[in-house]
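Chemist: Quick one, start_4.cif (mmCIF, C-alpha atoms and all ligand atoms):
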```
data_entry
loop_
_atom_site.label_atom_id
_atom_site.label_comp_id
_atom_site.auth_asym_id
_atom_site.auth_seq_id
_atom_site.Cartn_x
_atom_site.Cartn_y
_atom_site.Cartn_z
CA MET A 28 -24.35 102.26 -58.86
CA GLN A 29 -21.75 101.95 -61.64
CA GLN A 30 -22.18 98.79 -63.69
CA ILE A 31 -19.25 96.62 -64.79
CA SER A 32 -19.38 94.53 -67.98
CA LEU A 33 -17.74 91.12 -67.99
CA THR A 34 -18.03 87.72 -69.65
CA ILE A 35 -18.58 84.43 -67.84
CA ASN A 36 -18.62 81.22 -69.89
CA ASP A 37 -19.11 83.28 -73.08
CA LYS A 38 -22.14 84.99 -71.57
CA LYS A 39 -21.93 88.78 -71.34
CA ILE A 40 -23.27 90.13 -68.07
CA THR A 41 -23.18 93.31 -66.01
CA ALA A 42 -22.72 93.58 -62.27
CA PRO A 43 -22.45 96.46 -59.82
CA LYS A 44 -18.91 97.75 -59.26
CA GLY A 45 -17.38 96.08 -56.23
CA GLU A 46 -19.55 92.98 -56.43
CA TYR A 47 -17.90 89.63 -55.88
CA LEU A 48 -17.61 87.43 -58.95
CA LEU A 49 -19.50 84.57 -57.29
CA ARG A 50 -22.54 86.74 -56.59
CA ALA A 51 -22.43 88.23 -60.10
CA ALA A 52 -22.43 84.71 -61.58
CA LEU A 53 -25.21 83.38 -59.35
CA ASN A 54 -27.36 86.45 -60.03
CA ASN A 55 -27.05 85.66 -63.73
CA ASP A 56 -27.98 81.98 -63.39
CA ILE A 57 -24.39 80.77 -63.72
CA TYR A 58 -23.76 78.21 -60.99
CA ILE A 59 -20.43 78.04 -59.20
CA PRO A 60 -20.18 75.55 -56.30
CA ASN A 61 -20.11 77.33 -52.95
CA LEU A 62 -20.91 76.70 -49.32
CA CYS A 63 -19.40 79.45 -47.21
CA ALA A 64 -20.46 82.48 -49.28
CA ILE A 65 -23.35 84.27 -47.63
CA GLU A 66 -25.47 86.80 -49.47
CA GLY A 67 -25.37 90.14 -47.67
CA LYS A 68 -22.13 89.39 -45.81
CA SER A 69 -19.56 92.00 -46.80
CA GLU A 70 -16.39 90.02 -46.00
CA PRO A 71 -16.17 86.52 -47.52
CA MET A 72 -15.05 83.71 -45.23
CA ALA A 73 -13.43 81.85 -48.13
CA GLY A 74 -13.21 78.64 -46.15
CA CYS A 75 -14.78 75.95 -48.30
CA ARG A 76 -12.51 76.39 -51.36
CA LEU A 77 -15.15 75.17 -53.78
CA CYS A 78 -15.70 78.28 -55.87
CA PHE A 79 -12.57 78.19 -58.03
CA VAL A 80 -12.81 79.79 -61.48
CA GLU A 81 -10.30 80.69 -64.16
CA VAL A 82 -9.82 84.33 -65.13
CA ALA A 83 -8.11 85.25 -68.41
CA GLY A 84 -4.68 86.70 -67.67
CA ASN A 85 -4.32 84.95 -64.31
CA SER A 86 -1.86 82.08 -64.10
CA GLN A 87 -3.82 80.29 -61.36
CA PRO A 88 -7.53 79.78 -60.64
CA VAL A 89 -9.02 82.18 -58.10
CA THR A 90 -11.87 81.85 -55.62
CA ALA A 91 -14.92 83.60 -57.05
CA CYS A 92 -16.19 84.64 -53.62
CA THR A 93 -13.11 86.82 -53.00
CA GLU A 94 -12.57 88.25 -56.48
CA THR A 95 -14.44 91.42 -57.37
CA VAL A 96 -15.71 92.04 -60.90
CA ARG A 97 -13.53 94.06 -63.27
CA GLU A 98 -14.40 95.75 -66.54
CA GLY A 99 -13.76 93.42 -69.50
CA MET A 100 -12.99 90.43 -67.26
CA ILE A 101 -13.27 87.05 -69.00
CA VAL A 102 -14.12 84.18 -66.67
CA ASP A 103 -14.37 80.44 -67.22
CA THR A 104 -16.11 78.46 -64.47
CA ARG A 105 -15.53 75.16 -66.30
CA GLY A 106 -11.75 75.27 -66.74
CA THR A 107 -9.93 71.99 -66.07
CA GLU A 108 -7.69 73.34 -63.33
CA ALA A 109 -10.51 75.16 -61.52
CA LEU A 110 -12.67 72.04 -61.56
CA ARG A 111 -9.74 69.90 -60.40
CA LEU A 112 -9.12 72.15 -57.38
CA ALA A 113 -12.81 72.38 -56.50
CA GLY A 114 -13.21 68.62 -56.93
CA THR A 115 -10.29 67.90 -54.61
CA GLY A 116 -11.67 70.35 -52.01
CA PHE A 117 -15.05 68.68 -52.23
CA GLU A 118 -13.65 65.16 -51.86
CA LEU A 119 -11.66 66.24 -48.81
CA LEU A 120 -14.81 67.72 -47.31
CA MET A 121 -16.77 64.55 -48.01
CA ALA A 122 -14.06 62.39 -46.43
CA SER A 123 -15.36 63.56 -43.04
CA HIS A 124 -19.04 63.73 -43.89
CA PRO A 125 -21.36 60.75 -43.29
CA VAL A 126 -23.05 59.82 -46.56
CA ASP A 127 -26.44 58.28 -45.91
CA CYS A 128 -28.66 60.31 -48.21
CA GLY A 129 -31.54 57.83 -48.12
CA HIS A 130 -32.00 58.48 -44.41
CA CYS A 131 -31.18 62.21 -44.43
CA ALA A 132 -33.93 64.83 -44.18
CA ALA A 133 -32.04 67.02 -46.65
CA ASN A 134 -32.06 64.37 -49.39
CA ARG A 135 -32.74 65.99 -52.77
CA SER A 136 -32.49 69.51 -51.38
CA CYS A 137 -28.91 69.06 -50.17
CA GLU A 138 -26.31 71.47 -51.51
CA LEU A 139 -23.68 68.70 -51.35
CA GLN A 140 -25.66 66.59 -53.82
CA LYS A 141 -25.90 69.58 -56.14
CA ILE A 142 -22.17 70.26 -55.93
CA ALA A 143 -21.27 66.60 -56.50
CA ALA A 144 -23.45 66.51 -59.62
CA HIS A 145 -21.96 69.75 -60.91
CA LEU A 146 -18.36 68.64 -60.34
CA ARG A 147 -19.10 65.06 -61.44
CA VAL A 148 -17.62 63.77 -58.24
CA LYS A 149 -19.05 60.98 -56.13
CA LEU A 150 -20.41 61.84 -52.68
CA LYS A 151 -18.53 58.88 -51.22
CA THR A 152 -14.92 59.51 -52.02
CA LYS A 153 -12.52 56.62 -52.60
CA ARG A 154 -9.57 58.90 -53.03
CA PHE A 155 -9.21 59.91 -49.39
CA ARG A 156 -9.59 57.86 -46.24
CA THR A 157 -12.95 58.46 -44.57
CA LEU A 158 -12.51 59.94 -41.12
CA LEU A 159 -15.73 60.75 -39.26
CA ARG A 160 -15.77 62.68 -36.02
CA GLN A 161 -18.68 60.66 -34.62
CA LEU A 162 -20.00 63.44 -32.42
CA PRO A 163 -23.34 63.02 -30.62
CA VAL A 164 -26.50 64.37 -32.25
CA ASP A 165 -28.12 67.14 -30.20
CA THR A 166 -31.86 66.42 -30.02
CA SER A 167 -32.51 68.64 -27.00
CA HIS A 168 -34.23 71.50 -28.82
CA PRO A 169 -37.99 71.03 -29.22
CA GLU A 170 -37.99 72.26 -32.83
CA PHE A 171 -34.87 70.85 -34.48
CA THR A 172 -31.94 68.47 -34.22
CA TYR A 173 -28.29 69.30 -34.77
CA ASN A 174 -25.90 66.69 -36.12
CA PRO A 175 -22.37 68.13 -35.95
CA ASP A 176 -21.01 65.24 -38.03
CA LYS A 177 -23.01 66.50 -41.00
CA CYS A 178 -21.98 70.12 -40.50
CA VAL A 179 -19.72 71.44 -43.27
CA LEU A 180 -18.59 74.49 -41.24
CA CYS A 181 -19.93 76.97 -43.77
CA GLY A 182 -20.83 79.42 -41.01
CA ARG A 183 -24.25 80.29 -42.46
CA CYS A 184 -26.09 79.46 -39.23
CA ILE A 185 -23.67 81.49 -37.11
CA TRP A 186 -23.95 84.55 -39.33
CA THR A 187 -27.74 84.30 -39.52
CA CYS A 188 -27.98 84.00 -35.75
CA GLN A 189 -25.75 87.07 -35.37
CA GLN A 190 -27.85 89.05 -37.85
CA LEU A 191 -30.78 88.48 -35.52
CA GLY A 192 -28.76 90.07 -32.72
CA LYS A 193 -27.93 86.81 -30.97
CA THR A 194 -24.71 84.98 -30.28
CA THR A 195 -26.06 81.51 -29.60
CA LEU A 196 -23.84 79.78 -32.14
CA GLY A 197 -20.13 80.06 -32.84
CA PHE A 198 -17.08 78.10 -33.96
CA ALA A 199 -15.04 76.22 -31.37
CA HIS A 200 -11.74 74.32 -31.56
CA ARG A 201 -9.35 74.08 -34.50
CA GLY A 202 -8.47 71.83 -37.41
CA PHE A 203 -10.24 68.49 -37.58
CA ASN A 204 -11.99 69.22 -34.26
CA ARG A 205 -13.49 72.50 -35.44
CA VAL A 206 -17.20 72.53 -34.76
CA VAL A 207 -20.22 74.81 -34.66
CA THR A 208 -21.58 74.81 -31.15
CA THR A 209 -23.28 76.90 -28.48
CA PHE A 210 -21.52 79.02 -25.87
CA GLY A 211 -19.94 76.63 -23.38
CA ASP A 212 -20.78 73.71 -25.69
CA ARG A 213 -24.15 73.37 -23.96
CA PRO A 214 -27.04 71.43 -25.54
CA MET A 215 -29.23 73.69 -27.71
CA ALA A 216 -32.10 73.54 -25.22
CA GLU A 217 -29.82 74.88 -22.49
CA SER A 218 -28.51 77.75 -24.62
CA ASP A 219 -30.31 81.04 -25.31
CA CYS A 220 -31.59 79.65 -28.62
CA GLY A 221 -35.23 80.59 -29.16
CA ASP A 222 -37.61 79.23 -31.73
CA CYS A 223 -36.87 81.34 -34.81
CA ARG A 224 -35.39 78.33 -36.65
CA GLN A 225 -33.54 80.63 -39.04
CA CYS A 226 -30.35 78.60 -38.62
CA VAL A 227 -32.21 75.54 -39.87
CA SER A 228 -33.45 77.37 -42.94
CA VAL A 229 -29.94 78.32 -44.07
CA CYS A 230 -28.19 75.00 -43.35
CA PRO A 231 -27.11 73.64 -46.75
CA CYS A 232 -26.88 69.97 -45.91
CA GLY A 233 -29.06 68.48 -43.20
CA ALA A 234 -26.92 69.19 -40.16
CA LEU A 235 -29.75 71.29 -38.72
CA VAL A 236 -33.10 69.66 -39.39
CA LEU A 237 -36.62 70.39 -38.22
CA LYS A 238 -38.03 67.58 -36.10
CA ASP A 239 -41.24 67.47 -38.10
CA ARG A 240 -39.23 66.46 -41.19
S1 LIG A 301 -17.62 80.02 -51.46
FE1 LIG A 301 -15.64 80.67 -52.01
S2 LIG A 301 -14.36 79.63 -50.62
FE2 LIG A 301 -16.37 79.05 -50.01
#
```
Translate this file's structure into structure tokens.
Ligand code: FES
Modeler:
Amino acid sequence: MQQISLTINDKKITAPKGEYLLRAALNNDIYIPNLCAIEGKSEPMAGCRLCFVEVAGNSQPVTACTETVREGMIVDTRGTEALRLAGTGFELLMASHPVDCGHCAANRSCELQKIAAHLRVKLKTKRFRTLLRQLPVDTSHPEFTYNPDKCVLCGRCIWTCQQLGKTTLGFAHRGFNRVVTTFGDRPMAESDCGDCRQCVSVCPCGALVLKDR
């Protein structure tokens, strides 16, 4: 595989031709906030809008999960405008996310906490009005619970489920009402969900949680 040389934050790296900038950065221990990028998925969803970076020669920041590496590319993940856009996207996301870390099973392993620290943004935003969906928690499955209010719609669980040859989970509805749910919006225990628990293992933020946690 042809290797491409580029520079991110003054660090010279190489990445396979065709690789997305986000993956190239993460593989070289350069963190860029992200939620909806899934390793192994060929087409990025580009829905969370957290992975903005600045590329020399571009007038606007770009999303690192959709930009492929180019020879000689110079990238800054800490540019003011990129951080401003990512910070605004994150605050908007958190305006509809219940923040109760002390009682959340994902506390300290939560991707949202990591992103907030990286962007130096508070988890509880004051900038935007908090608007929670207040959907019921699904406790029907014997192995895990699903709290749709905590779901950040990254799609990781859906993709993972599909990779296992199943179609238990999918997106339903649009806009503010968009939600990850089962076919027919049935409780998990009444769907064809088995006990692989792979969806739980990829959830970044405590929406899907094992009951024994
Ligand atoms: S990771 Fe790039 S938009 Fe979500």
Chemist: Which protein, DNA or RNA residues have an atom within 6 Å of ligand LIG 301 (chain A), counting only C-alpha atoms and all ligand atoms, as a ChimeraX atom specification?
Modeler: /A:61-64,73-78,90-92
Chemist: May I have the residues at most 12 Å from (-26.6, 70.9, -45.7) in the file's coordinates, counting only C-alpha atoms, as an MDAnalysis selection string?
Modeler: chainID A and resid 61:63 121 124:126 128 131:142 173:184 226:236
Chemist: Between A:Gln225, A:Thr172, A:Thr115, A:Ser86, which one has atoms that come closest to Lys193 in chain A, using all atoms listed in the file?
Modeler: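 Ranked by minimum distance to Lys193 in chain A, first place goes to A:Gln225.
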Chemist: With all atoms listed in the file as the basis for distance, which of A:Glu81, A:Ala122, A:Glu46, A:Glu108 is at the shortest distance from Lys68 in chain A?
Modeler: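 Checking each candidate against Lys68 in chain A, we get A:Glu46 as the closest.
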Chemist: Specify the axis-aligned box that encloses all atoms of range 92-95 of chain A listed in the file after padding of 4 Å on each side, stating its centre and edge lengths in Å to one decimal as JSON.
Modeler:
```
{"center_x": -14.4, "center_y": 88.0, "center_z": -55.2, "size_x": 11.6, "size_y": 14.8, "size_z": 12.4}
```
Chemist: Using only C-alpha atoms, list the residues that have an atom at most 12 Å from (-4.1, 84.3, -69.1), coordinates as in the file, as a list of chain:residue names.
Modeler: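 Residues lying no farther than 12 Å from the given point: A:Glu81, A:Val82, A:Ala83, A:Gly84, A:Asn85, A:Ser86, A:Gln87, A:Pro88, A:Met100, A:Ile101, A:Val102, A:Asp103.
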Chemist: Which residue out of A:Leu48, A:Leu162, A:Ala113, A:Ala42 has the minimum interatomic distance to Pro60 in chain A when all atoms listed in the file are used?
Modeler: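 Residue with the minimum atom-to-atom distance to Pro60 in chain A: A:Ala113.
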